[in-house]
Every structure is written in structure tokens, then in C-alpha cells.
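S.K.: As input, take data02.txt (compact mmCIF, C-alpha atoms and all ligand atoms):
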# COMPACT_ATOMS: atom_id res chain seq x y z
CA MET A 1 100.44 114.00 -10.31
CA THR A 2 100.02 110.49 -11.69
CA THR A 3 102.33 107.94 -10.13
CA THR A 4 103.62 104.62 -11.34
CA ALA A 5 105.59 102.18 -9.23
CA PRO A 6 109.24 103.38 -9.06
CA VAL A 7 111.70 101.13 -10.85
CA ASN A 8 114.80 102.06 -8.80
CA PRO A 9 115.81 104.12 -5.71
CA THR A 10 116.89 107.12 -7.82
CA GLN A 11 113.54 107.23 -9.55
CA GLN A 12 111.78 106.85 -6.20
CA ARG A 13 113.80 109.70 -4.65
CA THR A 14 113.22 111.92 -7.69
CA ALA A 15 109.48 111.26 -7.60
CA GLU A 16 109.23 111.88 -3.84
CA VAL A 17 111.29 115.07 -3.69
CA VAL A 18 109.97 116.63 -6.89
CA ALA A 19 106.33 115.76 -6.11
CA ASP A 20 106.74 117.28 -2.64
CA ILE A 21 108.35 120.51 -3.89
CA PHE A 22 105.83 120.91 -6.71
CA GLY A 23 103.04 120.17 -4.23
CA VAL A 24 104.26 122.96 -1.93
CA ILE A 25 104.47 125.39 -4.86
CA ASN A 26 100.92 124.54 -5.92
CA GLU A 27 99.65 124.98 -2.34
CA ARG A 28 101.28 128.40 -2.16
CA LEU A 29 99.77 129.44 -5.51
CA VAL A 30 96.39 128.69 -3.96
CA ARG A 31 97.22 130.40 -0.64
CA HIS A 32 98.15 133.62 -2.46
CA SER A 33 95.36 133.37 -5.06
CA VAL A 34 97.95 133.90 -7.79
CA THR A 35 96.32 135.32 -10.93
CA TYR A 36 96.95 134.57 -14.60
CA PRO A 37 98.81 137.89 -15.16
CA GLU A 38 101.05 137.08 -12.15
CA TYR A 39 101.65 133.57 -13.48
CA GLN A 40 102.54 134.93 -16.93
CA ALA A 41 104.88 137.52 -15.40
CA ALA A 42 106.60 134.84 -13.30
CA LYS A 43 106.95 132.60 -16.35
CA ALA A 44 108.52 135.42 -18.41
CA TRP A 45 110.85 136.23 -15.49
CA LEU A 46 112.00 132.60 -15.20
CA ILE A 47 112.71 132.55 -18.93
CA ARG A 48 114.75 135.77 -18.58
CA ILE A 49 116.74 134.20 -15.70
CA GLY A 50 117.84 131.47 -18.13
CA GLU A 51 118.52 133.87 -21.00
CA ALA A 52 120.66 136.06 -18.73
CA GLY A 53 122.62 133.05 -17.41
CA GLU A 54 121.49 133.89 -13.87
CA TRP A 55 120.38 130.45 -12.68
CA PRO A 56 123.61 129.97 -10.64
CA LEU A 57 123.19 133.42 -9.10
CA LEU A 58 119.52 132.99 -8.24
CA LEU A 59 119.92 129.48 -6.81
CA ASP A 60 123.03 130.35 -4.79
CA VAL A 61 121.45 133.47 -3.29
CA PHE A 62 118.16 131.92 -2.26
CA PHE A 63 118.64 128.15 -1.85
CA GLU A 64 122.28 127.10 -1.48
CA HIS A 65 122.31 128.06 2.22
CA THR A 66 119.75 125.37 3.00
CA ILE A 67 121.66 122.63 1.18
CA GLU A 68 124.91 123.79 2.83
CA LYS A 69 123.40 123.68 6.33
CA LEU A 70 122.16 120.15 5.71
CA ALA A 71 125.63 119.11 4.51
CA SER A 72 127.24 120.79 7.55
CA GLU A 73 125.18 118.63 9.94
CA ARG A 74 127.43 115.75 8.89
CA ARG A 75 130.63 117.66 9.72
CA GLU A 76 132.52 117.83 13.07
CA GLY A 77 135.33 120.17 12.04
CA SER A 78 135.14 123.81 10.95
CA SER A 79 131.82 125.09 9.69
CA GLY A 80 131.22 125.26 5.98
CA CYS A 81 129.47 127.99 4.05
CA ILE A 82 127.99 128.37 0.57
CA GLU A 83 130.32 128.27 -2.44
CA GLY A 84 128.35 130.81 -4.46
CA PRO A 85 128.69 131.22 -8.23
CA TYR A 86 132.15 132.81 -8.47
CA TYR A 87 134.63 130.00 -7.78
CA VAL A 88 137.05 129.29 -10.63
CA PRO A 89 139.33 126.23 -10.41
CA GLY A 90 142.96 126.43 -11.48
CA ALA A 91 144.07 129.64 -9.71
CA PRO A 92 147.85 130.27 -9.44
CA GLU A 93 149.70 127.98 -7.01
CA LEU A 94 151.62 129.82 -4.28
CA SER A 95 153.33 128.81 -1.04
CA SER A 96 152.79 130.42 2.33
CA PRO A 97 153.65 133.19 3.08
CA ALA A 98 151.90 134.41 -0.04
CA THR A 99 150.49 137.61 -1.51
CA LEU A 100 147.39 137.09 -3.65
CA PRO A 101 147.79 138.11 -7.32
CA GLN A 102 146.78 141.75 -7.58
CA ARG A 103 147.24 144.90 -9.60
CA PRO A 104 150.20 147.17 -8.78
CA ASP A 105 147.69 149.80 -7.64
CA GLU A 106 145.19 147.36 -6.11
CA PRO A 107 142.62 149.51 -4.30
CA GLY A 108 141.75 148.86 -0.67
CA ASP A 109 143.29 148.28 2.73
CA VAL A 110 145.92 145.58 3.09
CA LEU A 111 144.75 142.50 5.02
CA VAL A 112 147.06 139.83 6.43
CA PHE A 113 145.07 136.62 6.86
CA THR A 114 146.82 134.00 8.99
CA GLY A 115 145.96 130.64 10.55
CA THR A 116 146.47 126.93 10.42
CA VAL A 117 144.96 123.87 8.79
CA GLY A 118 144.67 120.87 11.09
CA ASP A 119 142.75 117.69 11.78
CA LEU A 120 139.93 117.47 14.34
CA ASP A 121 142.48 117.33 17.21
CA GLY A 122 144.39 120.30 15.89
CA ASN A 123 147.32 118.26 14.55
CA PRO A 124 148.85 120.21 11.65
CA LEU A 125 148.10 119.10 8.12
CA ALA A 126 151.29 120.05 6.31
CA GLY A 127 150.91 120.42 2.58
CA SER A 128 147.26 121.35 2.83
CA VAL A 129 146.00 123.92 0.36
CA VAL A 130 143.86 127.01 0.96
CA ASP A 131 142.18 127.78 -2.38
CA ILE A 132 141.06 131.35 -1.73
CA TRP A 133 139.02 133.84 -3.77
CA GLN A 134 137.36 137.13 -2.99
CA ALA A 135 135.89 140.34 -4.32
CA ASP A 136 138.15 143.39 -4.53
CA ALA A 137 137.66 146.64 -2.64
CA HIS A 138 134.93 147.63 -5.14
CA GLY A 139 133.07 144.34 -4.64
CA PHE A 140 134.14 142.94 -8.05
CA TYR A 141 135.24 139.33 -8.68
CA SER A 142 137.89 138.67 -11.30
CA GLN A 143 136.51 136.76 -14.34
CA PHE A 144 132.99 138.01 -13.53
CA HIS A 145 133.69 141.72 -13.97
CA PRO A 146 135.66 143.33 -16.80
CA ASP A 147 138.05 145.36 -14.57
CA PRO A 148 140.11 142.94 -12.44
CA PRO A 149 142.65 140.82 -14.37
CA GLN A 150 142.09 137.06 -14.77
CA TRP A 151 143.39 135.71 -11.46
CA ASN A 152 143.10 138.86 -9.36
CA LEU A 153 142.68 137.95 -5.66
CA ARG A 154 142.56 134.22 -6.39
CA ALA A 155 145.19 131.60 -5.50
CA ASN A 156 145.86 128.08 -4.23
CA VAL A 157 148.13 128.64 -1.23
CA THR A 158 150.03 125.62 0.10
CA THR A 159 150.54 125.77 3.87
CA ASP A 160 153.95 125.40 5.56
CA GLU A 161 155.21 122.29 7.38
CA ARG A 162 153.16 123.25 10.48
CA GLY A 163 150.00 123.61 8.42
CA GLY A 164 150.29 127.37 8.84
CA PHE A 165 149.46 130.06 6.31
CA GLU A 166 149.96 133.79 5.96
CA ILE A 167 148.09 135.34 3.05
CA THR A 168 148.44 139.03 2.24
CA THR A 169 145.48 140.47 0.36
CA VAL A 170 143.09 143.42 0.60
CA VAL A 171 139.95 143.83 2.69
CA PRO A 172 137.06 142.96 0.34
CA ALA A 173 134.02 145.21 -0.02
CA PRO A 174 130.45 143.98 0.44
CA TYR A 175 129.10 142.33 -2.71
CA GLU A 176 126.06 143.72 -4.51
CA ILE A 177 123.83 141.37 -6.53
CA PRO A 178 123.75 142.87 -10.08
CA LYS A 179 120.74 145.18 -10.19
CA GLU A 180 120.23 145.23 -13.95
CA GLY A 181 119.54 141.50 -14.38
CA PRO A 182 116.31 139.59 -13.64
CA THR A 183 117.52 138.48 -10.17
CA GLY A 184 118.26 142.07 -9.21
CA GLN A 185 114.96 143.26 -10.70
CA MET A 186 113.01 140.74 -8.63
CA ILE A 187 114.89 141.77 -5.46
CA ARG A 188 114.02 145.41 -6.16
CA ALA A 189 110.41 144.55 -6.97
CA ALA A 190 110.15 142.87 -3.54
CA GLY A 191 111.72 145.89 -1.82
CA TRP A 192 114.69 143.93 -0.45
CA HIS A 193 118.32 145.06 -0.51
CA HIS A 194 120.87 143.55 -2.91
CA TRP A 195 123.84 143.03 -0.59
CA ARG A 196 126.06 140.33 0.83
CA PRO A 197 128.46 141.37 3.62
CA ALA A 198 132.20 141.48 2.82
CA HIS A 199 133.70 137.99 2.90
CA LEU A 200 136.62 135.77 1.94
CA HIS A 201 135.88 132.46 0.18
CA MET A 202 137.99 129.35 0.55
CA MET A 203 138.14 125.66 -0.29
CA VAL A 204 140.55 123.95 2.07
CA ARG A 205 142.00 120.62 0.91
CA ALA A 206 144.34 118.09 2.48
CA PRO A 207 145.12 114.47 1.60
CA GLY A 208 142.74 112.06 3.37
CA ARG A 209 140.50 114.92 4.57
CA ARG A 210 137.05 116.06 3.54
CA THR A 211 137.37 119.29 1.55
CA LEU A 212 135.92 122.28 3.38
CA THR A 213 134.16 125.00 1.39
CA SER A 214 133.63 128.03 3.56
CA GLN A 215 133.55 131.79 3.90
CA LEU A 216 134.77 134.19 6.57
CA PHE A 217 133.01 137.45 7.44
CA PHE A 218 134.06 140.50 9.47
CA ALA A 219 132.38 141.36 12.77
CA GLY A 220 130.50 144.65 12.70
CA GLY A 221 130.68 144.85 8.89
CA LYS A 222 127.77 146.18 6.84
CA TYR A 223 125.09 143.55 6.06
CA VAL A 224 126.59 140.90 8.38
CA ASP A 225 123.20 140.67 10.06
CA GLU A 226 121.18 140.84 6.83
CA ASP A 227 122.97 138.83 4.15
CA ILE A 228 120.68 138.51 1.11
CA ALA A 229 122.13 134.97 0.70
CA SER A 230 121.36 134.01 4.37
CA ALA A 231 124.82 132.43 4.67
CA VAL A 232 126.49 134.20 7.63
CA LYS A 233 127.31 132.01 10.65
CA PRO A 234 128.55 133.54 13.93
CA GLU A 235 131.47 131.09 14.14
CA LEU A 236 132.66 132.28 10.71
CA THR A 237 132.65 135.95 11.69
CA LEU A 238 136.13 137.27 12.52
CA GLU A 239 137.35 140.34 14.36
CA LEU A 240 139.45 142.52 12.07
CA GLY A 241 142.62 143.39 13.97
CA ARG A 242 145.33 145.95 13.26
CA LEU A 243 149.04 145.16 13.05
CA GLY A 244 151.68 147.57 14.35
CA ASP A 245 152.29 148.86 10.83
CA GLY A 246 148.60 149.68 10.30
CA ARG A 247 147.71 146.71 8.08
CA TYR A 248 144.50 144.86 8.94
CA SER A 249 144.72 141.31 10.24
CA ALA A 250 142.39 138.34 10.62
CA GLU A 251 143.05 134.86 11.94
CA TYR A 252 141.28 131.51 11.58
CA ASP A 253 142.21 127.87 12.19
CA PHE A 254 140.59 125.36 9.82
CA ARG A 255 139.82 121.90 11.23
CA LEU A 256 139.14 119.28 8.56
CA ASP A 257 137.04 116.14 8.98
CA PRO A 258 138.39 112.80 7.78
CA ALA A 259 137.42 112.02 4.18
C1 LIG A 301 129.05 135.28 -3.18
O1 LIG A 301 129.48 134.64 -2.28
O2 LIG A 301 129.71 136.19 -3.64
C2 LIG A 301 127.69 134.99 -3.72
C3 LIG A 301 126.97 133.96 -3.16
C4 LIG A 301 125.71 133.68 -3.66
C5 LIG A 301 125.21 134.41 -4.70
C6 LIG A 301 125.95 135.45 -5.24
C7 LIG A 301 127.19 135.73 -4.75
FE FE A 302 131.39 135.87 -2.59
Please re-express this file's structure in C-alpha cells.
Ligand code: BEZ
Ligand code: FE
M.R.:
Amino acid sequence: MTTTAPVNPTQQRTAEVVADIFGVINERLVRHSVTYPEYQAAKAWLIRIGEAGEWPLLLDVFFEHTIEKLASERREGSSGCIEGPYYVPGAPELSSPATLPQRPDEPGDVLVFTGTVGDLDGNPLAGSVVDIWQADAHGFYSQFHPDPPQWNLRANVTTDERGGFEITTVVPAPYEIPKEGPTGQMIRAAGWHHWRPAHLHMMVRAPGRRTLTSQLFFAGGKYVDEDIASAVKPELTLELGRLGDGRYSAEYDFRLDPA
């Protein structure tokens, strides 16, 4: 690559990072003696990724975990996790205790998710908001699948005066990367599986605090040890309990860094 003297720090950073990444790709093309037919197939596949609108999916499955881990190194409070491509801002605003918007016959087992939002010392952050979203018991996200209604299993839940929350929802199913699109086709061509373990997503916000984007997983669940998106962290893996009335329960205390 030809280089000219950088004119500003942004240009310098762009040149350094991009030249390094492109250099690694070129080295690997040599290492694997990639042929012209393979190059043409990869080029056509990359074009199909764009045409199918799958860039967010592809990037969030295979690369977001690295960026998230780097960002988490600068965090003392609760661990973060990837956002993924299915967050939608503007979900209904509810107050704890809350039941997530759902269909009258919402499939799945009822889950009562409780916990607190606090600062690094555990002092409650009253008025904090848990912006939560999840797949349903079939693994479908509202607004990304035709079945669930617009805000199904999505809400901004304001905590109580002790920073506590109680959110009634359903146990999500594992999520399967769509098989029919170019991302799914590549995964199949490589002989990998298409699955993420069941998880809850959340963005936790409080005034004066750094927003936490995270996910919570369920111990012993399918694919917890082999997430296609490489995003599971042990400290984000919860035991699913059982309440006296048979409903499932899970508990987690969020600790937010200063802004
Ligand atoms: C998810 O969390 O659902 C997800 C993350 C990355 C890619 C696809 C889905
Ligand atoms: Fe997800």
C-alpha cells in the first residue's frame, strides 16, 4: 500500500488500522493459497451479504465480541456483552414490577427476572431504567420476524426507589442464525452450527452512570458452551430457579460505572 504522510490523527489511525487488517488478510490469502475461483466465490458472497441486508448480522456474530471485550476492559462494574443486531429503541415504558408486552397466548414458560441497579458500591440507583429485549419461546425477535407483534417482549422498565426491578416475561429459546441467507449458508458450508444460547438482552441506564449493554444466559442451557457469536461470559450465566408456584426465576444485580 502506498503511504503519504498523515494529515491528522484520524487519518493516521485509519491508515494504521486498515493497513494492518488488510495486511493480515493478504497474508492469510497467501497462507491458504486461495485460488481465483475461491476469490470470485468470496466476492459474490460478500455482495450477497450486502444485498440481503446481513452486514449487521455477520459483523455482530463474528466480530462484535472482540470489540465488546476491549470496551469491557475499561469497566469496573457489571460485565457487558454484545448488543447484537436486534435492539430497537423506543420500547414501551413500564414501571417495576412489570410484565413485558406479550400476546394473550404467549408461548413458553413464565420467567420472573428480579434484581437491582446500583453504583459500584451497591448503592441503589433509583429511577434507573432496564431496557430489555429478548427472543420468544420459538427464538423469534419482534420486528425481525413476522409473527410477534411490534413490541413483543421489549420494554423500558423503570426501577423502584431502591433500584429494584421485577420483570415477568417468558424463558427465551436459543436463537438460530437464519439458515437461508448468505451468513447461514457460509456457516453451513463451514460445517458449524447456527445457534446462540438462550439469553436476555438489556441496556441499563441511570443518570450520571455509564450505560451498560449486556446479556444474561442460563446455566446448563443448550449452546452455552458453544455460542456461534462467542459472547457468553461465566459471570453473565444465571441459575434458573423455580418459585413456589412453578414459575421460573432468575436474579441479577447490575453495577454501573460512573459516566
Ligand atoms: C443476538 O443476540 O440475538 C445476536 C447477536 C449477534 C448476531 C445475531 C444475533
Ligand atoms: Fe439476542
S.K.: Neighbouring residues of ligand LIG 301 (chain A) are defined here as those with any atom at most 8 Å from a ligand atom, counting all atoms listed in the file; list them as a PyMOL selection string.
M.R.: chain A and resi 56-62+64+82-86+134-135+175+177+196+199+201+215+229
S.K.: Got a sec to check which residues sit within 10 Å of (142.3, 123.7, -3.0), counting all atoms listed in the file, and write them as a ChimeraX atom specification?
M.R.: /A:89-91,93,128-132,155-158,202-206,211-213
S.K.: Please report the interatomic distance between atom CA of A:Ala259 and atom CA of A:Arg154 in Å with one decimal.
M.R.: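 These atoms are spaced 25.1 Å apart.
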S.K.: To one decimal in Å, tell me the separation between atom CA of A:Phe144 and atom CA of A:Gly181.
M.R.: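 Atom-to-atom, atom CA of A:Phe144 and atom CA of A:Gly181 are spaced 13.9 Å apart.
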S.K.: Figure out the distance between atom CA of A:Lys233 and atom CA of A:Gly80, please, to one decimal in Å.
M.R.: 9.1 Å
S.K.: For a cutoff of 12 Å around the file-coordinate point (145.2, 117.5, 16.6), which residues qualify once you count only C-alpha atoms? I'd like the result as a PDB file with C-alpha atoms, in the frame of the given file.
M.R.:
ATOM      1  CA  GLY A  77     135.330 120.170  12.040  1.00  0.00           C
ATOM      2  CA  THR A 116     146.470 126.930  10.420  1.00  0.00           C
ATOM      3  CA  VAL A 117     144.960 123.870   8.790  1.00  0.00           C
ATOM      4  CA  GLY A 118     144.670 120.870  11.090  1.00  0.00           C
ATOM      5  CA  ASP A 119     142.750 117.690  11.780  1.00  0.00           C
ATOM      6  CA  LEU A 120     139.930 117.470  14.340  1.00  0.00           C
ATOM      7  CA  ASP A 121     142.480 117.330  17.210  1.00  0.00           C
ATOM      8  CA  GLY A 122     144.390 120.300  15.890  1.00  0.00           C
ATOM      9  CA  ASN A 123     147.320 118.260  14.550  1.00  0.00           C
ATOM     10  CA  PRO A 124     148.850 120.210  11.650  1.00  0.00           C
ATOM     11  CA  LEU A 125     148.100 119.100   8.120  1.00  0.00           C
ATOM     12  CA  ARG A 162     153.160 123.250  10.480  1.00  0.00           C
ATOM     13  CA  GLY A 163     150.000 123.610   8.420  1.00  0.00           C
ATOM     14  CA  ASP A 253     142.210 127.870  12.190  1.00  0.00           C
ATOM     15  CA  PHE A 254     140.590 125.360   9.820  1.00  0.00           C
ATOM     16  CA  ARG A 255     139.820 121.900  11.230  1.00  0.00           C
ATOM     17  CA  LEU A 256     139.140 119.280   8.560  1.00  0.00           C
ATOM     18  CA  ASP A 257     137.040 116.140   8.980  1.00  0.00           C
TER      19      ASP A 257
END
S.K.: I need the residue nearest ligand FE 302 (chain A) from this list: A:Thr169, A:Ser142, A:Thr159, A:Gln185. Use all atoms listed in the file for the distance.
M.R.: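 Smallest distance to ligand FE 302 (chain A) is found for A:Ser142.
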S.K.: Name the residues in contact with A:Arg74 at a cut-off of 12 Å, using all atoms listed in the file, excluding same-chain residues fewer than 4 positions from it; report them as a ChimeraX atom specification.
M.R.: /A:67-70,78-80,210,257-259
S.K.: Between A:Asn26, A:Ser72, A:Ser95, A:Thr168, which has the minimum distance to A:Val112 (counting only C-alpha atoms)?
M.R.: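 Using only C-alpha atoms, the shortest distance to A:Val112 belongs to A:Thr168.
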S.K.: May I ask which of the residues A:Leu153, A:Ile47, A:Leu100, A:Ile25 is the closest one to ligand FE 302 (chain A), counting only C-alpha atoms and all ligand atoms?
M.R.: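 Answer, going by the shortest atom-to-atom distance: A:Leu153.
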S.K.: Closest to ligand FE 302 (chain A) among A:Met186, A:Ala42, A:Leu29, A:Ala173, using only C-alpha atoms and all ligand atoms?
M.R.: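 Selected residue with least distance to ligand FE 302 (chain A): A:Ala173.
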S.K.: Tell me which of A:Thr183, A:Cys81, A:Pro197, A:Val7 sits closest to A:Leu236, counting only C-alpha atoms.
M.R.: A:Cys81
S.K.: When distances are computed from only C-alpha atoms and all ligand atoms, which of A:Thr114, A:Ser96, A:Ser214, A:Gln11 shows the smallest separation from ligand FE 302 (chain A)?
M.R.: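 The answer is A:Ser214, which sits nearest to ligand FE 302 (chain A).
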S.K.: Residues at most 12 Å from A:Pro174, counting all atoms listed in the file, excluding those fewer than 6 positions away in the same chain, as a ChimeraX atom specification?
M.R.: /A:134-141,194-200,217-218,221-224,226-228
S.K.: Let me have the centre and edge lengths of the axis-aligned box enclosing all listed atoms of stretch 37-40 of chain A with 8 Å padding on every side, in Å to one decimal, as lines of an AutoDock Vina configuration file.
M.R.:
center_x = 100.7
center_y = 135.7
center_z = -14.5
size_x = 19.7
size_y = 20.3
size_z = 20.8
